[in-house]
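Listing of query03.txt, compact mmCIF, C-alpha atoms
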# COMPACT_ATOMS: atom_id res chain seq x y z
CA MET A 930 0.00 0.00 0.00
CA SER A 931 1.42 3.37 -0.99
CA PRO A 932 2.02 5.93 1.76
CA ARG A 933 -0.72 8.48 2.16
CA ARG A 934 0.12 11.70 0.38
CA SER A 935 -0.54 14.96 2.16
CA TYR A 936 -0.69 18.65 1.36
CA ASP A 937 0.96 19.17 4.77
CA GLN A 938 -1.31 22.10 5.52
CA TYR A 939 -3.00 22.62 8.88
CA CYS A 940 -6.42 23.21 7.30
CA SER A 941 -9.48 20.96 7.51
CA ALA A 942 -10.20 21.33 3.78
CA ALA A 943 -6.64 20.27 2.97
CA ARG A 944 -6.89 17.32 5.36
CA ALA A 945 -10.18 16.26 3.73
CA LEU A 946 -8.55 16.37 0.31
CA ASP A 947 -5.69 14.28 1.67
CA ALA A 948 -8.29 11.54 2.24
CA VAL A 949 -10.70 11.93 -0.69
CA GLY A 950 -8.99 14.22 -3.19
CA ASP A 951 -7.47 11.50 -5.36
CA ARG A 952 -9.08 10.86 -8.74
CA TRP A 953 -11.96 8.32 -8.53
CA THR A 954 -12.25 8.28 -4.72
CA LEU A 955 -15.44 10.36 -4.46
CA LEU A 956 -16.99 8.46 -7.37
CA ILE A 957 -16.31 5.21 -5.53
CA VAL A 958 -18.10 6.76 -2.55
CA ARG A 959 -21.01 7.61 -4.86
CA GLU A 960 -21.26 3.95 -5.86
CA LEU A 961 -20.98 2.66 -2.29
CA LEU A 962 -23.80 4.94 -1.16
CA ALA A 963 -25.97 2.31 -2.85
CA GLY A 964 -24.86 -0.22 -0.23
CA PRO A 965 -22.39 -3.12 -0.37
CA ARG A 966 -20.89 -3.65 -3.82
CA ARG A 967 -18.63 -6.31 -5.26
CA TYR A 968 -15.37 -5.25 -6.86
CA THR A 969 -16.64 -6.38 -10.27
CA ASP A 970 -19.82 -4.30 -9.86
CA LEU A 971 -17.80 -1.24 -8.91
CA HIS A 972 -15.53 -1.69 -11.92
CA ALA A 973 -18.54 -2.06 -14.24
CA ASP A 974 -20.17 1.13 -12.94
CA LEU A 975 -16.98 3.21 -13.04
CA PRO A 976 -16.20 3.13 -16.76
CA GLY A 977 -12.70 4.41 -17.43
CA VAL A 978 -11.07 3.34 -14.17
CA SER A 979 -8.30 0.76 -14.43
CA THR A 980 -8.35 -2.32 -12.22
CA ASP A 981 -5.06 -1.25 -10.60
CA VAL A 982 -6.33 2.22 -9.74
CA LEU A 983 -9.64 0.90 -8.40
CA ALA A 984 -7.88 -1.64 -6.20
CA SER A 985 -5.47 1.02 -4.95
CA ARG A 986 -8.24 3.50 -4.12
CA LEU A 987 -10.24 0.86 -2.26
CA LYS A 988 -7.19 -0.05 -0.18
CA ASP A 989 -6.63 3.62 0.59
CA MET A 990 -10.25 4.00 1.63
CA GLU A 991 -9.96 0.99 3.93
CA ARG A 992 -6.80 2.41 5.46
CA ASP A 993 -8.42 5.81 6.01
CA GLY A 994 -11.54 4.33 7.62
CA LEU A 995 -13.92 5.26 4.80
CA ALA A 996 -14.77 1.74 3.61
CA THR A 997 -14.51 -1.87 4.75
CA ARG A 998 -14.42 -5.20 2.97
CA ARG A 999 -16.31 -8.25 4.19
CA ARG A 1000 -17.32 -11.67 2.91
CA LEU A 1001 -21.00 -12.37 2.34
CA PRO A 1002 -22.41 -15.49 3.98
CA PRO A 1003 -23.26 -18.52 1.79
CA PRO A 1004 -24.62 -18.95 -0.78
CA GLY A 1005 -23.14 -15.62 -1.93
CA ALA A 1006 -19.68 -16.06 -0.39
CA ALA A 1007 -18.37 -13.06 -2.36
CA TYR A 1008 -16.38 -10.17 -0.95
CA VAL A 1009 -18.11 -6.80 -0.92
CA TYR A 1010 -17.03 -3.26 -0.09
CA GLU A 1011 -19.20 -0.91 1.92
CA LEU A 1012 -18.93 2.51 3.49
CA THR A 1013 -18.20 2.98 7.15
CA PRO A 1014 -20.27 5.56 9.05
CA ARG A 1015 -17.38 7.97 8.46
CA GLY A 1016 -17.57 7.29 4.72
CA GLY A 1017 -21.34 7.75 4.75
CA GLU A 1018 -20.83 11.26 6.10
CA LEU A 1019 -19.59 12.18 2.62
CA LEU A 1020 -23.15 12.09 1.24
CA PRO A 1021 -23.78 15.83 1.84
CA VAL A 1022 -20.32 16.56 0.40
CA LEU A 1023 -21.28 14.80 -2.83
CA GLN A 1024 -24.67 16.51 -2.77
CA ALA A 1025 -23.05 19.93 -2.51
CA LEU A 1026 -20.51 19.05 -5.20
CA GLY A 1027 -23.30 17.84 -7.49
CA ALA A 1028 -25.34 21.00 -6.93
CA TRP A 1029 -22.29 23.13 -7.74
CA GLY A 1030 -21.60 21.04 -10.84
CA GLN A 1031 -25.06 21.46 -12.35
CA GLU A 1032 -23.84 24.36 -14.46
CA GLU A 1033 -20.95 22.23 -15.72
CA LEU A 1034 -23.14 19.35 -16.86
CA GLY A 1035 -24.44 20.77 -20.14
CA GLU A 1036 -25.83 18.53 -22.86
CA ARG A 1037 -24.89 14.88 -22.75
CA ARG A 1038 -21.89 14.21 -24.99
CA PRO A 1039 -21.67 11.14 -27.28
CA THR A 1040 -18.75 9.85 -25.20
CA ASP A 1041 -20.53 10.24 -21.85
CA ALA A 1042 -21.35 7.03 -20.02
CA VAL A 1043 -24.57 6.95 -18.01
CA ARG A 1044 -26.05 4.70 -15.34
CA ALA A 1045 -29.58 5.07 -14.00
CA HIS A 1046 -28.47 5.30 -10.37
CA TRP A 1047 -26.22 8.27 -11.14
CA PHE A 1048 -29.43 10.31 -11.09
CA ALA A 1049 -30.08 9.25 -7.50
CA LEU A 1050 -28.18 12.15 -5.93
CA PRO A 1051 -29.96 14.91 -7.88
CA LEU A 1052 -33.28 13.18 -7.19
CA LEU A 1053 -32.48 13.09 -3.48
CA ARG A 1054 -31.80 16.83 -3.65
CA ALA A 1055 -35.07 17.38 -5.49
CA LEU A 1056 -36.96 15.28 -2.95
CA GLY A 1057 -35.86 17.74 -0.29
CA GLU A 1058 -39.07 19.51 -1.31
CA VAL A 1059 -41.01 16.74 0.46
CA GLY A 1060 -41.47 17.72 4.08
CA GLY A 1061 -40.50 14.98 6.49
CA VAL A 1062 -42.42 12.06 4.97
CA GLY A 1063 -40.29 8.91 4.88
CA GLY A 1064 -40.40 5.79 2.79
CA VAL A 1065 -38.98 4.03 -0.25
CA VAL A 1066 -39.34 5.59 -3.68
CA GLU A 1067 -38.80 3.53 -6.82
CA VAL A 1068 -37.65 5.64 -9.75
CA ARG A 1069 -38.06 4.39 -13.31
CA LEU A 1070 -36.07 6.09 -16.06
CA GLU A 1071 -35.56 5.29 -19.72
CA VAL A 1072 -32.01 4.13 -18.87
CA GLY A 1073 -32.99 1.93 -15.92
CA THR A 1074 -34.44 1.80 -12.42
CA PHE A 1075 -33.22 2.61 -8.93
CA HIS A 1076 -34.80 3.28 -5.55
CA LEU A 1077 -34.32 5.88 -2.84
CA TYR A 1078 -34.57 5.65 0.93
CA LEU A 1079 -36.04 8.80 2.46
CA GLY A 1080 -35.78 9.53 6.16
CA GLY A 1081 -38.61 10.64 8.36
CA GLY A 1082 -40.58 7.43 8.55
CA GLY A 1083 -37.90 5.06 9.76
CA ALA A 1084 -36.84 4.20 6.20
CA ASP A 1085 -33.15 3.52 6.48
CA GLY A 1086 -30.76 2.96 3.63
CA PRO A 1087 -28.33 0.09 3.36
CA ALA A 1088 -25.93 1.72 5.81
CA ASN A 1089 -28.70 2.33 8.37
CA GLY A 1090 -29.00 5.98 7.59
CA PRO A 1091 -31.60 8.03 5.71
CA GLY A 1092 -30.83 9.42 2.30
CA TYR A 1093 -29.21 6.44 0.61
CA TYR A 1094 -30.25 4.73 -2.60
CA GLY A 1095 -30.15 1.29 -4.20
CA ASP A 1096 -29.63 0.14 -7.76
CA GLY A 1097 -32.54 -1.65 -9.47
CA PRO A 1098 -36.15 -2.02 -8.29
CA ALA A 1099 -37.02 -1.77 -4.61
CA ALA A 1100 -37.31 -4.98 -2.63
CA GLY A 1101 -41.00 -5.45 -2.00
CA ARG A 1102 -43.63 -2.82 -2.67
CA PRO A 1103 -42.27 0.75 -2.67
CA ASP A 1104 -44.14 3.53 -0.91
CA ALA A 1105 -44.13 5.59 -4.09
CA LEU A 1106 -43.26 5.14 -7.73
CA LEU A 1107 -41.83 7.90 -9.92
CA THR A 1108 -41.71 7.47 -13.69
CA VAL A 1109 -39.45 10.13 -15.18
CA SER A 1110 -39.18 11.03 -18.87
CA GLY A 1111 -35.72 11.21 -20.44
CA PRO A 1112 -35.70 14.99 -20.96
CA ALA A 1113 -37.03 15.61 -17.44
CA CYS A 1114 -34.33 13.40 -15.97
CA GLU A 1115 -31.57 15.47 -17.54
CA ASP A 1116 -33.31 18.76 -16.73
CA LEU A 1117 -33.66 17.77 -13.07
CA ALA A 1118 -29.98 16.80 -12.94
CA ARG A 1119 -28.99 20.12 -14.51
CA GLY A 1120 -31.18 22.16 -12.17
CA ARG A 1121 -33.29 23.51 -15.04
CA LEU A 1122 -36.46 21.90 -13.70
CA THR A 1123 -37.77 21.43 -10.18
CA LEU A 1124 -39.54 18.26 -9.16
CA ALA A 1125 -42.74 20.23 -8.56
CA GLU A 1126 -42.59 21.62 -12.10
CA ALA A 1127 -41.92 18.16 -13.53
CA VAL A 1128 -44.88 16.61 -11.69
CA SER A 1129 -47.14 19.51 -12.61
CA GLY A 1130 -46.13 19.27 -16.27
CA GLY A 1131 -46.63 15.52 -16.48
CA GLN A 1132 -42.94 14.82 -17.11
CA VAL A 1133 -42.86 12.89 -13.83
CA THR A 1134 -45.81 10.68 -12.92
CA VAL A 1135 -46.42 9.54 -9.36
CA GLY A 1136 -47.86 6.15 -8.39
CA GLY A 1137 -48.92 4.79 -5.02
CA GLU A 1138 -51.41 5.47 -2.24
CA SER A 1139 -49.07 5.97 0.71
CA PRO A 1140 -48.68 9.32 2.52
CA LEU A 1141 -45.35 9.73 0.71
CA ALA A 1142 -46.96 9.14 -2.71
CA LYS A 1143 -49.71 11.62 -1.91
CA GLU A 1144 -47.13 14.16 -0.78
CA LEU A 1145 -45.23 13.73 -4.03
CA ALA A 1146 -48.38 13.99 -6.14
CA ALA A 1147 -49.32 17.18 -4.27
CA LEU A 1148 -46.12 18.82 -5.56
CA GLY A 1149 -47.84 19.25 -8.90
CA GLN A 1150 -50.91 21.01 -7.56

Kindly transcribe the structure held in the file into structure tokens.
Amino acid sequence: MSPRRSYDQYCSAARALDAVGDRWTLLIVRELLAGPRRYTDLHADLPGVSTDVLASRLKDMERDGLATRRRLPPPGAAYVYELTPRGGELLPVLQALGAWGQEELGERRPTDAVRAHWFALPLLRALGEVGGVGGVVEVRLEVGTFHLYLGGGGADGPANGPGYYGDGPAAGRPDALLTVSGPACEDLARGRLTLAEAVSGGQVTVGGESPLAKELAALGQ
């Protein structure tokens, strides 16, 4: 394991960048916010990262107390990586970074990779408009499906904290279902459209009868 590099500055921002400032580290955190992931899954959802760099970053994150590796019980018996509570505290950092980067996003380029769950963080920001109603929201996009865990009703994410997401459909019946059109998905990510505007304009449809679904549907009224 390579020694940890440091800016050698007595500044909390510099110390934070010592831990997470390397290329790919925060994107690995983004992936692990979805819960435990196998190395192969991480590599598949981080197009462009080499196997050597990914392995090195994961080792650094283990050393710095941001992630851990454990073996799943049979019949899985695979090793997975997951965030520690300290690593999970980076969620608002990624949220703030994503909000700042909205103006940098622009139109999708032909070379840009995309995964459905990459829209989870902007959707979580948009769902901040929902006042304190918790539950599980399944989000269906043209490029795939993911689900969100919202706090407030005891709905905890995979790391036992509100505000996490999961790739693919929700396990069991979600409290609410959002179907998002392709253009609306990109406009929400770029900050050009609010969730209330999207629901009101029919670009996002809401399904479900739970208090959370009714709260989401009311955004369009």

Cut-off 12 Å around (3.3, 14.2, 1.5) with all atoms listed in the file: residues as an MDAnalysis selection string
chainID A and resid 931:938 943:944 947:948

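Closest approach to Gly1035 in chain A from the set A:Asp989, A:Asp1104, A:Glu1115, A:Asp981 is made by A:Glu1115, with distances taken over all atoms listed in the file.
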
Using only C-alpha atoms, the shortest atom-to-atom distance to Gln1150 in chain A among A:Ala1125, A:Leu1034, A:Ala1025, A:Val1135 belongs to A:Ala1125

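Nearest to Pro1021 in chain A of all the residues A:Pro1051, A:Gly1073, A:Gly994, A:Pro1004 is A:Pro1051, counting only C-alpha atoms.
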
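For the atom pair formed by CA of Glu1144 in chain A and CA of Pro1098 in chain A, the distance is 20.9 Å, given to one decimal.
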
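For the atom pair formed by CA of Leu1019 in chain A and CA of Tyr968 in chain A, the distance is 20.3 Å, given to one decimal.
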
Taking (-40.6, 19.2, -1.4) as a centre in this file's frame and 8 Å as the limit, can you find every polymer residue with an atom that close, using only C-alpha atoms, and give them as a ChimeraX atom specification?
/A:1055-1060,1124-1125,1145,1148

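Between CA of Gly1064 in chain A and CA of Leu1077 in chain A lies a distance of 8.3 Å.
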
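Proximity ranking of A:Leu962, A:Ala1099, A:Val1009, A:Leu983 relative to Trp1047 in chain A places A:Leu962 first, based on all atoms listed in the file.
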
Proximity to Arg1069 in chain A - best of A:Gly964, A:Gly1101, A:Gly1016, A:Gly1111, all atoms listed in the file
A:Gly1111

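Minimum atom-to-atom distances from A:Pro1112, A:Pro1103, A:Gly1120, A:Gly1080 to Gly1136 in chain A were compared using all atoms listed in the file, and the lowest value belongs to A:Pro1103.
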
What are the centre and the three edge lengths of an axis-aligned box that wraps all atoms of range 1005-1019 of chain A in the file, given that 6 Å is added to every side, written as AutoDock Vina command-line options and rounded to one decimal in Å?
--center_x -19.8 --center_y -1.9 --center_z 3.3 --size_x 18.8 --size_y 40.2 --size_z 23.4

With a distance cut-off of 7 Å and all atoms listed in the file, select the neighbouring residues of range 1011-1013 of chain A, excluding the residue or stretch itself and same-chain residues fewer than 4 positions from it, and output the selection as a ChimeraX atom specification.
/A:961,964-966,994-998,1017

List the spatial neighbours of Val1065 in chain A as a PDB file with C-alpha atoms, keeping the file's coordinate frame - criterion: any atom at most 10 Å away, all atoms listed in the file, same-chain residues fewer than 2 positions off excluded.
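Wrote out13.pdb, looks like this:
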ATOM      1  CA  GLY A1063     -40.290   8.910   4.880  1.00  0.00           C
ATOM      2  CA  GLU A1067     -38.800   3.530  -6.820  1.00  0.00           C
ATOM      3  CA  VAL A1068     -37.650   5.640  -9.750  1.00  0.00           C
ATOM      4  CA  HIS A1076     -34.800   3.280  -5.550  1.00  0.00           C
ATOM      5  CA  LEU A1077     -34.320   5.880  -2.840  1.00  0.00           C
ATOM      6  CA  TYR A1078     -34.570   5.650   0.930  1.00  0.00           C
ATOM      7  CA  LEU A1079     -36.040   8.800   2.460  1.00  0.00           C
ATOM      8  CA  GLY A1080     -35.780   9.530   6.160  1.00  0.00           C
ATOM      9  CA  GLY A1082     -40.580   7.430   8.550  1.00  0.00           C
ATOM     10  CA  ALA A1084     -36.840   4.200   6.200  1.00  0.00           C
ATOM     11  CA  ASP A1085     -33.150   3.520   6.480  1.00  0.00           C
ATOM     12  CA  GLY A1086     -30.760   2.960   3.630  1.00  0.00           C
ATOM     13  CA  TYR A1094     -30.250   4.730  -2.600  1.00  0.00           C
ATOM     14  CA  ALA A1099     -37.020  -1.770  -4.610  1.00  0.00           C
ATOM     15  CA  ALA A1100     -37.310  -4.980  -2.630  1.00  0.00           C
ATOM     16  CA  GLY A1101     -41.000  -5.450  -2.000  1.00  0.00           C
ATOM     17  CA  ARG A1102     -43.630  -2.820  -2.670  1.00  0.00           C
ATOM     18  CA  PRO A1103     -42.270   0.750  -2.670  1.00  0.00           C
ATOM     19  CA  ASP A1104     -44.140   3.530  -0.910  1.00  0.00           C
ATOM     20  CA  ALA A1105     -44.130   5.590  -4.090  1.00  0.00           C
ATOM     21  CA  LEU A1106     -43.260   5.140  -7.730  1.00  0.00           C
ATOM     22  CA  LEU A1141     -45.350   9.730   0.710  1.00  0.00           C
ATOM     23  CA  ALA A1142     -46.960   9.140  -2.710  1.00  0.00           C
TER      24      ALA A1142
END

How would range 938-965 of chain A look with N, CA and C atoms restored, written as a PDB file, keeping the file's coordinate frame?
ATOM      1  N   GLN A 938      -0.762  20.805   5.139  1.00  0.00           N
ATOM      2  CA  GLN A 938      -1.310  22.100   5.520  1.00  0.00           C
ATOM      3  C   GLN A 938      -2.266  21.899   6.690  1.00  0.00           C
ATOM      4  N   TYR A 939      -2.135  22.736   7.709  1.00  0.00           N
ATOM      5  CA  TYR A 939      -3.000  22.620   8.880  1.00  0.00           C
ATOM      6  C   TYR A 939      -4.324  23.340   8.588  1.00  0.00           C
ATOM      7  N   CYS A 940      -5.144  22.668   7.777  1.00  0.00           N
ATOM      8  CA  CYS A 940      -6.420  23.210   7.300  1.00  0.00           C
ATOM      9  C   CYS A 940      -7.346  22.017   7.100  1.00  0.00           C
ATOM     10  N   SER A 941      -8.573  22.109   7.602  1.00  0.00           N
ATOM     11  CA  SER A 941      -9.480  20.960   7.510  1.00  0.00           C
ATOM     12  C   SER A 941      -9.821  20.612   6.066  1.00  0.00           C
ATOM     13  N   ALA A 942      -9.916  21.623   5.184  1.00  0.00           N
ATOM     14  CA  ALA A 942     -10.200  21.330   3.780  1.00  0.00           C
ATOM     15  C   ALA A 942      -9.036  20.566   3.152  1.00  0.00           C
ATOM     16  N   ALA A 943      -7.802  20.977   3.486  1.00  0.00           N
ATOM     17  CA  ALA A 943      -6.640  20.270   2.970  1.00  0.00           C
ATOM     18  C   ALA A 943      -6.578  18.846   3.503  1.00  0.00           C
ATOM     19  N   ARG A 944      -6.898  18.664   4.778  1.00  0.00           N
ATOM     20  CA  ARG A 944      -6.890  17.320   5.360  1.00  0.00           C
ATOM     21  C   ARG A 944      -7.961  16.445   4.691  1.00  0.00           C
ATOM     22  N   ALA A 945      -9.130  17.027   4.413  1.00  0.00           N
ATOM     23  CA  ALA A 945     -10.180  16.260   3.730  1.00  0.00           C
ATOM     24  C   ALA A 945      -9.710  15.832   2.351  1.00  0.00           C
ATOM     25  N   LEU A 946      -9.046  16.718   1.638  1.00  0.00           N
ATOM     26  CA  LEU A 946      -8.550  16.370   0.310  1.00  0.00           C
ATOM     27  C   LEU A 946      -7.416  15.362   0.388  1.00  0.00           C
ATOM     28  N   ASP A 947      -6.673  15.338   1.486  1.00  0.00           N
ATOM     29  CA  ASP A 947      -5.690  14.280   1.670  1.00  0.00           C
ATOM     30  C   ASP A 947      -6.364  12.910   1.595  1.00  0.00           C
ATOM     31  N   ALA A 948      -7.588  12.828   2.151  1.00  0.00           N
ATOM     32  CA  ALA A 948      -8.290  11.540   2.240  1.00  0.00           C
ATOM     33  C   ALA A 948      -9.116  11.225   0.995  1.00  0.00           C
ATOM     34  N   VAL A 949      -9.753  12.229   0.399  1.00  0.00           N
ATOM     35  CA  VAL A 949     -10.700  11.930  -0.690  1.00  0.00           C
ATOM     36  C   VAL A 949     -10.405  12.702  -1.971  1.00  0.00           C
ATOM     37  N   GLY A 950      -9.276  13.380  -2.035  1.00  0.00           N
ATOM     38  CA  GLY A 950      -8.990  14.220  -3.190  1.00  0.00           C
ATOM     39  C   GLY A 950      -8.401  13.498  -4.385  1.00  0.00           C
ATOM     40  N   ASP A 951      -8.016  12.234  -4.220  1.00  0.00           N
ATOM     41  CA  ASP A 951      -7.470  11.500  -5.360  1.00  0.00           C
ATOM     42  C   ASP A 951      -8.562  11.226  -6.393  1.00  0.00           C
ATOM     43  N   ARG A 952      -8.147  11.163  -7.653  1.00  0.00           N
ATOM     44  CA  ARG A 952      -9.080  10.860  -8.740  1.00  0.00           C
ATOM     45  C   ARG A 952      -9.775   9.527  -8.478  1.00  0.00           C
ATOM     46  N   TRP A 953     -11.081   9.472  -8.663  1.00  0.00           N
ATOM     47  CA  TRP A 953     -11.960   8.320  -8.530  1.00  0.00           C
ATOM     48  C   TRP A 953     -12.484   8.089  -7.112  1.00  0.00           C
ATOM     49  N   THR A 954     -11.836   8.624  -6.083  1.00  0.00           N
ATOM     50  CA  THR A 954     -12.250   8.280  -4.720  1.00  0.00           C
ATOM     51  C   THR A 954     -13.698   8.681  -4.443  1.00  0.00           C
ATOM     52  N   LEU A 955     -14.073   9.918  -4.753  1.00  0.00           N
ATOM     53  CA  LEU A 955     -15.440  10.360  -4.460  1.00  0.00           C
ATOM     54  C   LEU A 955     -16.455   9.638  -5.332  1.00  0.00           C
ATOM     55  N   LEU A 956     -16.061   9.226  -6.530  1.00  0.00           N
ATOM     56  CA  LEU A 956     -16.990   8.460  -7.370  1.00  0.00           C
ATOM     57  C   LEU A 956     -17.175   7.046  -6.829  1.00  0.00           C
ATOM     58  N   ILE A 957     -16.155   6.495  -6.207  1.00  0.00           N
ATOM     59  CA  ILE A 957     -16.310   5.210  -5.530  1.00  0.00           C
ATOM     60  C   ILE A 957     -17.281   5.369  -4.355  1.00  0.00           C
ATOM     61  N   VAL A 958     -17.156   6.479  -3.631  1.00  0.00           N
ATOM     62  CA  VAL A 958     -18.100   6.760  -2.550  1.00  0.00           C
ATOM     63  C   VAL A 958     -19.522   6.837  -3.101  1.00  0.00           C
ATOM     64  N   ARG A 959     -19.685   7.530  -4.230  1.00  0.00           N
ATOM     65  CA  ARG A 959     -21.010   7.610  -4.860  1.00  0.00           C
ATOM     66  C   ARG A 959     -21.588   6.220  -5.098  1.00  0.00           C
ATOM     67  N   GLU A 960     -20.778   5.306  -5.593  1.00  0.00           N
ATOM     68  CA  GLU A 960     -21.260   3.950  -5.860  1.00  0.00           C
ATOM     69  C   GLU A 960     -21.586   3.210  -4.569  1.00  0.00           C
ATOM     70  N   LEU A 961     -20.776   3.387  -3.548  1.00  0.00           N
ATOM     71  CA  LEU A 961     -20.980   2.660  -2.290  1.00  0.00           C
ATOM     72  C   LEU A 961     -22.138   3.229  -1.470  1.00  0.00           C
ATOM     73  N   LEU A 962     -22.598   4.425  -1.806  1.00  0.00           N
ATOM     74  CA  LEU A 962     -23.800   4.940  -1.160  1.00  0.00           C
ATOM     75  C   LEU A 962     -25.013   4.081  -1.476  1.00  0.00           C
ATOM     76  N   ALA A 963     -24.898   3.245  -2.508  1.00  0.00           N
ATOM     77  CA  ALA A 963     -25.970   2.310  -2.850  1.00  0.00           C
ATOM     78  C   ALA A 963     -25.924   1.052  -2.000  1.00  0.00           C
ATOM     79  N   GLY A 964     -24.978   0.972  -1.051  1.00  0.00           N
ATOM     80  CA  GLY A 964     -24.860  -0.220  -0.230  1.00  0.00           C
ATOM     81  C   GLY A 964     -23.683  -1.075  -0.646  1.00  0.00           C
ATOM     82  N   PRO A 965     -23.536  -2.258  -0.064  1.00  0.00           N
ATOM     83  CA  PRO A 965     -22.390  -3.120  -0.370  1.00  0.00           C
ATOM     84  C   PRO A 965     -22.306  -3.454  -1.847  1.00  0.00           C
TER      85      PRO A 965
END
